[in-house]
Amino acid sequence: MKRIISACVLVVLFAAGGPVFAASAPQSSSGAKSTSVAKASAKKVTVTCNDGTTYTGKHPKRGCKKHGGVKS
């Protein structure tokens, strides 16, 4: 009897596993994503590297790595 109940519980969990365990963030009424990742990806900066080249992107330290670093 315990095996049957255990099997039934497992079947129910696996059958509803996608919607139950895949929780998603609620979206605003305008349909735009309201996660911090979406907000952070929109931020870009423009910096001048030590050799005079400019870099525009999200990671200025990485962008100027081969150019001597970020100019102060």
# chains A, B, ... in the order shown; residues from 1 in each chain; ligands from 1

call {"tool": "residues_around", "arguments": {"residues": "region 50-56 of chain A", "least_positions_apart": "3", "cutoff": "9 Å", "atoms": "only C-alpha atoms", "output": "NGL selection string"}}
result
:A and (44-47 or 59-60 or 63-64 or 67-72)

call {"tool": "select_by_dssp", "arguments": {"residues": "region 37-69 of chain A", "states": "helix (DSSP H, G or I)", "output": "JSON, numbers by chain"}}
result
{"A": [37, 38, 39, 40, 41, 60, 61, 62, 63, 65, 66, 67]}

call {"tool": "write_last_selection", "arguments": {"atoms": "N, CA and C atoms", "output": "short mmCIF file (atom, residue, chain, number, x, y, z; two decimals), in the first residue's frame"}}
result
data_model
loop_
_atom_site.label_atom_id
_atom_site.label_comp_id
_atom_site.auth_asym_id
_atom_site.auth_seq_id
_atom_site.Cartn_x
_atom_site.Cartn_y
_atom_site.Cartn_z
N VAL A 37 17.96 42.28 -13.10
CA VAL A 37 18.87 41.92 -14.18
C VAL A 37 18.55 42.75 -15.42
N ALA A 38 17.28 42.92 -15.72
CA ALA A 38 16.90 43.71 -16.89
C ALA A 38 17.31 45.16 -16.71
N LYS A 39 17.21 45.69 -15.50
CA LYS A 39 17.60 47.08 -15.26
C LYS A 39 19.11 47.24 -15.35
N ALA A 40 19.86 46.27 -14.85
CA ALA A 40 21.31 46.37 -14.85
C ALA A 40 21.88 46.24 -16.26
N SER A 41 21.22 45.49 -17.13
CA SER A 41 21.74 45.29 -18.47
C SER A 41 21.61 46.54 -19.34
N PRO A 60 33.73 48.58 -17.85
CA PRO A 60 34.86 49.38 -18.32
C PRO A 60 36.22 48.80 -17.94
N LYS A 61 36.32 48.14 -16.80
CA LYS A 61 37.61 47.57 -16.40
C LYS A 61 38.03 46.47 -17.37
N ARG A 62 37.06 45.65 -17.77
CA ARG A 62 37.37 44.58 -18.72
C ARG A 62 37.63 45.15 -20.12
N GLY A 63 36.92 46.20 -20.49
CA GLY A 63 37.08 46.79 -21.82
C GLY A 63 38.42 47.45 -22.01
N LYS A 65 41.21 46.51 -20.36
CA LYS A 65 42.21 45.61 -19.82
C LYS A 65 43.46 45.55 -20.70
N LYS A 66 43.28 45.48 -22.00
CA LYS A 66 44.42 45.40 -22.93
C LYS A 66 44.93 46.77 -23.36
N HIS A 67 44.35 47.82 -22.80
CA HIS A 67 44.73 49.19 -23.16
C HIS A 67 45.36 49.92 -21.99
#
